[in-house]
$ cat protein18.cif   # mmCIF, C-alpha atoms
data_run
#
loop_
_atom_site.group_PDB
_atom_site.id
_atom_site.type_symbol
_atom_site.label_atom_id
_atom_site.label_comp_id
_atom_site.auth_asym_id
_atom_site.auth_seq_id
_atom_site.Cartn_x
_atom_site.Cartn_y
_atom_site.Cartn_z
ATOM 1 C CA MET T 1 12.042 13.573 11.661
ATOM 2 C CA THR T 2 13.314 14.832 8.334
ATOM 3 C CA ASN T 3 10.827 17.258 6.791
ATOM 4 C CA ASN T 4 12.365 17.514 3.319
ATOM 5 C CA LEU T 5 11.719 13.944 2.241
ATOM 6 C CA PHE T 6 10.687 13.506 -1.388
ATOM 7 C CA PHE T 7 7.039 12.790 -2.159
ATOM 8 C CA ASP T 8 5.419 12.639 -5.588
ATOM 9 C CA PHE T 9 2.024 11.375 -6.734
ATOM 10 C CA THR T 10 1.726 11.169 -10.526
ATOM 11 C CA VAL T 11 -1.402 10.100 -12.397
ATOM 12 C CA ASP T 12 -1.216 9.004 -16.035
ATOM 13 C CA LYS T 13 -4.879 8.573 -16.986
ATOM 14 C CA PRO T 14 -4.284 7.351 -20.568
ATOM 15 C CA ALA T 15 -1.951 4.620 -19.227
ATOM 16 C CA LYS T 16 -4.348 3.901 -16.297
ATOM 17 C CA THR T 17 -1.354 4.230 -13.977
ATOM 18 C CA VAL T 18 -0.548 5.972 -10.714
ATOM 19 C CA VAL T 19 3.070 6.286 -9.549
ATOM 20 C CA VAL T 20 3.749 7.171 -5.923
ATOM 21 C CA THR T 21 7.345 7.982 -4.969
ATOM 22 C CA ARG T 22 8.036 8.521 -1.283
ATOM 23 C CA GLU T 23 11.128 8.760 0.889
ATOM 24 C CA PHE T 24 11.231 7.690 4.529
ATOM 25 C CA ALA T 25 13.716 8.593 7.257
ATOM 26 C CA ALA T 26 14.307 4.954 8.172
ATOM 27 C CA ASP T 27 16.555 2.125 7.062
ATOM 28 C CA LEU T 28 15.530 -0.193 4.276
ATOM 29 C CA SER T 29 14.956 -3.238 6.513
ATOM 30 C CA LEU T 30 12.433 -1.380 8.648
ATOM 31 C CA VAL T 31 10.565 0.133 5.687
ATOM 32 C CA TRP T 32 10.482 -3.265 3.947
ATOM 33 C CA ALA T 33 9.045 -4.830 7.107
ATOM 34 C CA ALA T 34 6.396 -2.100 7.326
ATOM 35 C CA PHE T 35 5.144 -3.028 3.837
ATOM 36 C CA THR T 36 5.409 -6.809 4.214
ATOM 37 C CA THR T 37 4.265 -7.798 7.722
ATOM 38 C CA LYS T 38 0.630 -7.742 8.783
ATOM 39 C CA GLU T 39 1.306 -6.437 12.299
ATOM 40 C CA LEU T 40 2.990 -3.319 10.899
ATOM 41 C CA LEU T 41 0.656 -2.901 7.909
ATOM 42 C CA ASP T 42 -2.348 -2.841 10.224
ATOM 43 C CA GLN T 43 -0.767 0.038 12.167
ATOM 44 C CA TRP T 44 -0.504 2.443 9.232
ATOM 45 C CA VAL T 45 -2.206 1.404 6.001
ATOM 46 C CA ALA T 46 -5.695 2.753 6.818
ATOM 47 C CA PRO T 47 -6.173 6.521 6.701
ATOM 48 C CA LYS T 48 -7.415 7.882 10.039
ATOM 49 C CA PRO T 49 -10.064 7.564 11.435
ATOM 50 C CA PHE T 50 -10.262 4.173 9.641
ATOM 51 C CA THR T 51 -8.349 1.150 10.895
ATOM 52 C CA ALA T 52 -6.991 -1.883 9.059
ATOM 53 C CA LYS T 53 -7.716 -5.478 10.001
ATOM 54 C CA THR T 54 -5.810 -8.325 8.356
ATOM 55 C CA LYS T 55 -7.649 -11.642 8.511
ATOM 56 C CA TYR T 56 -4.646 -13.524 7.107
ATOM 57 C CA MET T 57 -1.409 -12.820 5.267
ATOM 58 C CA ASN T 58 1.112 -15.135 3.646
ATOM 59 C CA PHE T 59 3.915 -13.022 2.153
ATOM 60 C CA GLU T 60 5.335 -15.375 -0.462
ATOM 61 C CA VAL T 61 4.893 -15.726 -4.216
ATOM 62 C CA GLY T 62 1.339 -16.985 -4.687
ATOM 63 C CA GLY T 63 0.469 -16.037 -1.107
ATOM 64 C CA LYS T 64 -2.305 -13.633 -0.170
ATOM 65 C CA ARG T 65 -3.296 -10.914 2.258
ATOM 66 C CA PHE T 66 -7.014 -10.641 3.003
ATOM 67 C CA TYR T 67 -7.827 -7.477 4.916
ATOM 68 C CA ALA T 68 -10.432 -4.824 5.580
ATOM 69 C CA MET T 69 -10.460 -1.088 6.027
ATOM 70 C CA VAL T 70 -12.831 -0.518 8.932
ATOM 71 C CA SER T 71 -14.746 2.743 9.338
ATOM 72 C CA PRO T 72 -15.313 4.298 12.781
ATOM 73 C CA ASP T 73 -18.890 2.937 12.730
ATOM 74 C CA GLY T 74 -17.649 -0.603 11.974
ATOM 75 C CA LEU T 75 -18.308 -0.804 8.216
ATOM 76 C CA GLU T 76 -15.726 -3.147 6.649
ATOM 77 C CA ARG T 77 -14.437 -2.737 3.077
ATOM 78 C CA TRP T 78 -12.533 -5.914 2.169
ATOM 79 C CA ALA T 79 -9.714 -6.459 -0.334
ATOM 80 C CA ILE T 80 -7.413 -9.283 -1.298
ATOM 81 C CA GLN T 81 -3.827 -9.018 -2.460
ATOM 82 C CA THR T 82 -2.064 -11.854 -4.267
ATOM 83 C CA TYR T 83 1.750 -11.668 -4.298
ATOM 84 C CA THR T 84 3.096 -12.375 -7.788
ATOM 85 C CA SER T 85 6.823 -11.639 -7.371
ATOM 86 C CA ILE T 86 9.161 -11.016 -4.419
ATOM 87 C CA SER T 87 12.833 -9.976 -4.454
ATOM 88 C CA PRO T 88 13.641 -9.402 -0.769
ATOM 89 C CA LYS T 89 14.253 -5.788 0.224
ATOM 90 C CA THR T 90 14.244 -4.543 -3.390
ATOM 91 C CA ASN T 91 10.891 -5.331 -5.020
ATOM 92 C CA PHE T 92 7.574 -7.064 -4.730
ATOM 93 C CA LYS T 93 4.529 -7.169 -6.960
ATOM 94 C CA MET T 94 0.930 -7.990 -6.213
ATOM 95 C CA TYR T 95 -2.542 -7.996 -7.659
ATOM 96 C CA ASN T 96 -5.142 -6.152 -5.559
ATOM 97 C CA ALA T 97 -8.926 -6.446 -5.837
ATOM 98 C CA PHE T 98 -11.835 -5.360 -3.675
ATOM 99 C CA THR T 99 -13.876 -8.275 -2.348
ATOM 100 C CA ASP T 100 -16.806 -9.041 -0.139
ATOM 101 C CA ALA T 101 -16.335 -10.543 3.334
ATOM 102 C CA ASP T 102 -16.343 -14.021 1.765
ATOM 103 C CA GLU T 103 -13.364 -13.241 -0.503
ATOM 104 C CA ASN T 104 -15.405 -12.987 -3.717
ATOM 105 C CA PRO T 105 -13.360 -10.466 -5.728
ATOM 106 C CA ASP T 106 -14.597 -7.661 -7.952
ATOM 107 C CA PRO T 107 -14.079 -8.520 -11.632
ATOM 108 C CA VAL T 108 -11.314 -5.926 -12.080
ATOM 109 C CA GLY T 109 -8.469 -4.840 -9.854
ATOM 110 C CA SER T 110 -5.012 -3.329 -10.035
ATOM 111 C CA GLU T 111 -1.400 -4.462 -10.317
ATOM 112 C CA TRP T 112 1.036 -2.970 -7.790
ATOM 113 C CA ASP T 113 4.819 -2.895 -8.266
ATOM 114 C CA TYR T 114 6.890 -1.771 -5.241
ATOM 115 C CA GLN T 115 10.559 -0.774 -5.681
ATOM 116 C CA PHE T 116 12.736 -0.164 -2.595
ATOM 117 C CA SER T 117 16.155 1.488 -2.369
ATOM 118 C CA GLU T 118 18.223 3.140 0.355
ATOM 119 C CA GLN T 119 20.829 5.876 0.320
ATOM 120 C CA ASN T 120 22.379 7.584 3.342
ATOM 121 C CA GLY T 121 19.753 6.237 5.746
ATOM 122 C CA ILE T 122 16.833 7.400 3.584
ATOM 123 C CA THR T 123 14.678 4.694 2.014
ATOM 124 C CA LYS T 124 12.868 5.470 -1.226
ATOM 125 C CA VAL T 125 9.786 3.501 -2.245
ATOM 126 C CA VAL T 126 8.386 3.784 -5.772
ATOM 127 C CA ILE T 127 4.940 2.239 -6.171
ATOM 128 C CA THR T 128 3.511 1.837 -9.664
ATOM 129 C CA ILE T 129 -0.181 0.965 -9.746
ATOM 130 C CA TYR T 130 -1.757 -0.166 -13.008
ATOM 131 C CA ASN T 131 -5.553 -0.268 -13.083
ATOM 132 C CA GLU T 132 -7.198 -2.752 -15.428
ATOM 133 C CA SER T 133 -10.171 -0.440 -15.884
ATOM 134 C CA PHE T 134 -10.063 3.286 -16.603
ATOM 135 C CA GLU T 135 -13.562 3.588 -15.113
ATOM 136 C CA ARG T 136 -12.446 1.900 -11.881
ATOM 137 C CA MET T 137 -9.449 4.226 -11.678
ATOM 138 C CA GLU T 138 -11.662 7.291 -12.208
ATOM 139 C CA GLN T 139 -14.095 6.151 -9.513
ATOM 140 C CA ILE T 140 -11.500 5.654 -6.784
ATOM 141 C CA LEU T 141 -8.788 8.182 -7.716
ATOM 142 C CA GLU T 142 -9.760 11.153 -5.539
ATOM 143 C CA GLY T 143 -10.421 9.091 -2.425
ATOM 144 C CA PHE T 144 -7.355 6.940 -3.064
ATOM 145 C CA THR T 145 -5.101 9.990 -3.437
ATOM 146 C CA LEU T 146 -6.262 11.498 -0.145
ATOM 147 C CA GLY T 147 -6.359 8.179 1.698
ATOM 148 C CA PHE T 148 -2.995 6.871 0.538
ATOM 149 C CA THR T 149 -1.283 10.203 1.265
ATOM 150 C CA SER T 150 -2.719 10.068 4.797
ATOM 151 C CA SER T 151 -1.654 6.433 5.193
ATOM 152 C CA LEU T 152 1.932 7.264 4.235
ATOM 153 C CA LYS T 153 1.936 9.963 6.931
ATOM 154 C CA ASN T 154 0.778 7.267 9.377
ATOM 155 C CA LEU T 155 3.740 5.187 8.224
ATOM 156 C CA ASP T 156 6.112 8.057 9.089
ATOM 157 C CA ASP T 157 4.735 7.968 12.641
ATOM 158 C CA VAL T 158 5.073 4.171 12.912
ATOM 159 C CA LEU T 159 8.654 4.261 11.592
ATOM 160 C CA ALA T 160 9.590 7.050 14.015
ATOM 161 C CA SER T 161 8.211 5.030 16.927
ATOM 162 C CA LEU T 162 10.270 1.972 15.887
ATOM 163 C CA SER T 163 13.548 3.749 15.099
#

$ encode --input "protein18.cif" --output "structure tokens"
Amino acid sequence: MTNNLFFDFTVDKPAKTVVVTREFAADLSLVWAAFTTKELLDQWVAPKPFTAKTKYMNFEVGGKRFYAMVSPDGLERWAIQTYTSISPKTNFKMYNAFTDADENPDPVGSEWDYQFSEQNGITKVVITIYNESFERMEQILEGFTLGFTSSLKNLDDVLASLS
């Protein structure tokens, strides 16, 4: 595994935006699949000791992924993602909102924009997350930063096992 891969986590509070830039030692097709297929997402997206459970996923414009982060004691925290734009292997966008188990979404969520590129066998992913509410961003930022950083490390392990 390459240890000098680029990783940056930038928070712009006035713009209500988080930008995560991360390189992976894997080809673009594999990294794209890891972000766009439920079987692979469920292997890495939850920070340990949590697990992810996708109830359904339809990766197409207008399609949705309904999933939960599950705590070790079985508590489920549900979210729904609606895909708003897809350009295969280069970009996809989605709207993400927390929900209850019956898919009733919170009134505010966040817009996610994923950019993918590859150079010399290293795939770079730039994720821009715009939060509709500054208060929502403030409430989840610390836990999100730690959790998402841990999840991306999980993704390194999944990619290494598939390469």

$ atom_distance --input "protein18.cif" --atom1 "CA of Phe7 in chain T" --atom2 "CA of Ala97 in chain T"
25.3 Å

$ atom_distance --input "protein18.cif" --atom1 "CA of Gly109 in chain T" --atom2 "CA of Gly62 in chain T"
16.4 Å

$ closest_residue --input "protein18.cif" --among "T:Glu76, T:Glu111, T:Asp12, T:Glu23" --to "Glu132 in chain T" --atoms "all atoms listed in the file"
T:Glu111

$ resolve_selection --input "protein18.cif" --expression "the PyMOL selection byres ((chain T and resi 126-130) around 10)" --output "ChimeraX atom specification"
/T:7-12,15-23,91-96,109-117,124-125,131-134,137

$ resolve_selection --input "protein18.cif" --expression "the PyMOL selection byres ((chain T and resi 100) around 12)" --output "JSON list (two decimals) with C-alpha atoms, in the coordinates of the input"
[["chain", "number", "residue", "atom", "x", "y", "z"],
["T", 66, "PHE", "CA", -7.01, -10.64, 3.00],
["T", 67, "TYR", "CA", -7.83, -7.48, 4.92],
["T", 68, "ALA", "CA", -10.43, -4.82, 5.58],
["T", 69, "MET", "CA", -10.46, -1.09, 6.03],
["T", 75, "LEU", "CA", -18.31, -0.80, 8.22],
["T", 76, "GLU", "CA", -15.73, -3.15, 6.65],
["T", 77, "ARG", "CA", -14.44, -2.74, 3.08],
["T", 78, "TRP", "CA", -12.53, -5.91, 2.17],
["T", 79, "ALA", "CA", -9.71, -6.46, -0.33],
["T", 80, "ILE", "CA", -7.41, -9.28, -1.30],
["T", 97, "ALA", "CA", -8.93, -6.45, -5.84],
["T", 98, "PHE", "CA", -11.84, -5.36, -3.68],
["T", 99, "THR", "CA", -13.88, -8.28, -2.35],
["T", 101, "ALA", "CA", -16.34, -10.54, 3.33],
["T", 102, "ASP", "CA", -16.34, -14.02, 1.76],
["T", 103, "GLU", "CA", -13.36, -13.24, -0.50],
["T", 104, "ASN", "CA", -15.40, -12.99, -3.72],
["T", 105, "PRO", "CA", -13.36, -10.47, -5.73],
["T", 106, "ASP", "CA", -14.60, -7.66, -7.95],
["T", 107, "PRO", "CA", -14.08, -8.52, -11.63]]

$ resolve_selection --input "protein18.cif" --expression "the PyMOL selection byres ((chain T and resi 25) around 9)" --output "compact mmCIF listing (two decimals) with C-alpha atoms, in the coordinates of the input"
# COMPACT_ATOMS: atom_id res chain seq x y z
CA MET T 1 12.04 13.57 11.66
CA THR T 2 13.31 14.83 8.33
CA LEU T 5 11.72 13.94 2.24
CA GLU T 23 11.13 8.76 0.89
CA PHE T 24 11.23 7.69 4.53
CA ALA T 26 14.31 4.95 8.17
CA ASP T 27 16.56 2.12 7.06
CA GLY T 121 19.75 6.24 5.75
CA ILE T 122 16.83 7.40 3.58
CA THR T 123 14.68 4.69 2.01
CA ASP T 156 6.11 8.06 9.09
CA LEU T 159 8.65 4.26 11.59
CA ALA T 160 9.59 7.05 14.02

$ atom_distance --input "protein18.cif" --atom1 "CA of Asp73 in chain T" --atom2 "CA of Phe144 in chain T"
20.0 Å

$ residues_around --input "protein18.cif" --residues "Lys64 in chain T" --least-positions-apart "4" --cutoff "7 Å" --atoms "only C-alpha atoms" --output "list in words"
Met57, Asn58, Phe59, Ile80, Gln81, Thr82 and Tyr83 of chain T

$ closest_residue --input "protein18.cif" --among "T:Pro14, T:Arg65, T:Phe148, T:Asn120" --to "Glu39 in chain T" --atoms "only C-alpha atoms"
T:Arg65

$ residues_around --input "protein18.cif" --residues "Trp32 in chain T" --least-positions-apart "2" --cutoff "9 Å" --atoms "all atoms listed in the file" --output "ChimeraX atom specification"
/T:27-30,34-37,88-90,116

$ build_atoms --input "protein18.cif" --residues "range 13-27 of chain T" --atoms "N, CA and C atoms" --output "PDB file, in the coordinates of the input"
ATOM      1  N   LYS T  13      -3.557   9.138 -16.682  1.00  0.00           N
ATOM      2  CA  LYS T  13      -4.879   8.573 -16.986  1.00  0.00           C
ATOM      3  C   LYS T  13      -4.893   7.743 -18.265  1.00  0.00           C
ATOM      4  N   PRO T  14      -4.257   8.194 -19.364  1.00  0.00           N
ATOM      5  CA  PRO T  14      -4.284   7.351 -20.568  1.00  0.00           C
ATOM      6  C   PRO T  14      -3.647   5.966 -20.344  1.00  0.00           C
ATOM      7  N   ALA T  15      -2.616   5.900 -19.508  1.00  0.00           N
ATOM      8  CA  ALA T  15      -1.951   4.620 -19.227  1.00  0.00           C
ATOM      9  C   ALA T  15      -2.609   3.872 -18.066  1.00  0.00           C
ATOM     10  N   LYS T  16      -3.640   4.486 -17.441  1.00  0.00           N
ATOM     11  CA  LYS T  16      -4.348   3.901 -16.297  1.00  0.00           C
ATOM     12  C   LYS T  16      -3.382   3.575 -15.153  1.00  0.00           C
ATOM     13  N   THR T  17      -2.434   4.478 -14.928  1.00  0.00           N
ATOM     14  CA  THR T  17      -1.354   4.230 -13.977  1.00  0.00           C
ATOM     15  C   THR T  17      -1.206   5.384 -12.988  1.00  0.00           C
ATOM     16  N   VAL T  18      -0.911   5.021 -11.753  1.00  0.00           N
ATOM     17  CA  VAL T  18      -0.548   5.972 -10.714  1.00  0.00           C
ATOM     18  C   VAL T  18       0.844   5.570 -10.233  1.00  0.00           C
ATOM     19  N   VAL T  19       1.738   6.555 -10.091  1.00  0.00           N
ATOM     20  CA  VAL T  19       3.070   6.286  -9.549  1.00  0.00           C
ATOM     21  C   VAL T  19       3.247   7.155  -8.309  1.00  0.00           C
ATOM     22  N   VAL T  20       3.506   6.487  -7.188  1.00  0.00           N
ATOM     23  CA  VAL T  20       3.749   7.171  -5.923  1.00  0.00           C
ATOM     24  C   VAL T  20       5.213   6.960  -5.573  1.00  0.00           C
ATOM     25  N   THR T  21       5.945   8.055  -5.396  1.00  0.00           N
ATOM     26  CA  THR T  21       7.345   7.982  -4.969  1.00  0.00           C
ATOM     27  C   THR T  21       7.429   8.678  -3.621  1.00  0.00           C
ATOM     28  N   ARG T  22       8.002   7.981  -2.647  1.00  0.00           N
ATOM     29  CA  ARG T  22       8.036   8.521  -1.283  1.00  0.00           C
ATOM     30  C   ARG T  22       9.318   8.100  -0.602  1.00  0.00           C
ATOM     31  N   GLU T  23       9.947   9.050   0.079  1.00  0.00           N
ATOM     32  CA  GLU T  23      11.128   8.760   0.889  1.00  0.00           C
ATOM     33  C   GLU T  23      10.730   8.697   2.358  1.00  0.00           C
ATOM     34  N   PHE T  24      11.458   7.854   3.099  1.00  0.00           N
ATOM     35  CA  PHE T  24      11.231   7.690   4.529  1.00  0.00           C
ATOM     36  C   PHE T  24      12.556   7.794   5.264  1.00  0.00           C
ATOM     37  N   ALA T  25      12.521   8.435   6.425  1.00  0.00           N
ATOM     38  CA  ALA T  25      13.716   8.593   7.257  1.00  0.00           C
ATOM     39  C   ALA T  25      13.877   7.352   8.131  1.00  0.00           C
ATOM     40  N   ALA T  26      14.138   6.236   7.471  1.00  0.00           N
ATOM     41  CA  ALA T  26      14.307   4.954   8.172  1.00  0.00           C
ATOM     42  C   ALA T  26      15.104   4.026   7.270  1.00  0.00           C
ATOM     43  N   ASP T  27      15.757   3.037   7.889  1.00  0.00           N
ATOM     44  CA  ASP T  27      16.555   2.125   7.062  1.00  0.00           C
ATOM     45  C   ASP T  27      15.669   1.188   6.259  1.00  0.00           C
TER      46      ASP T  27
END
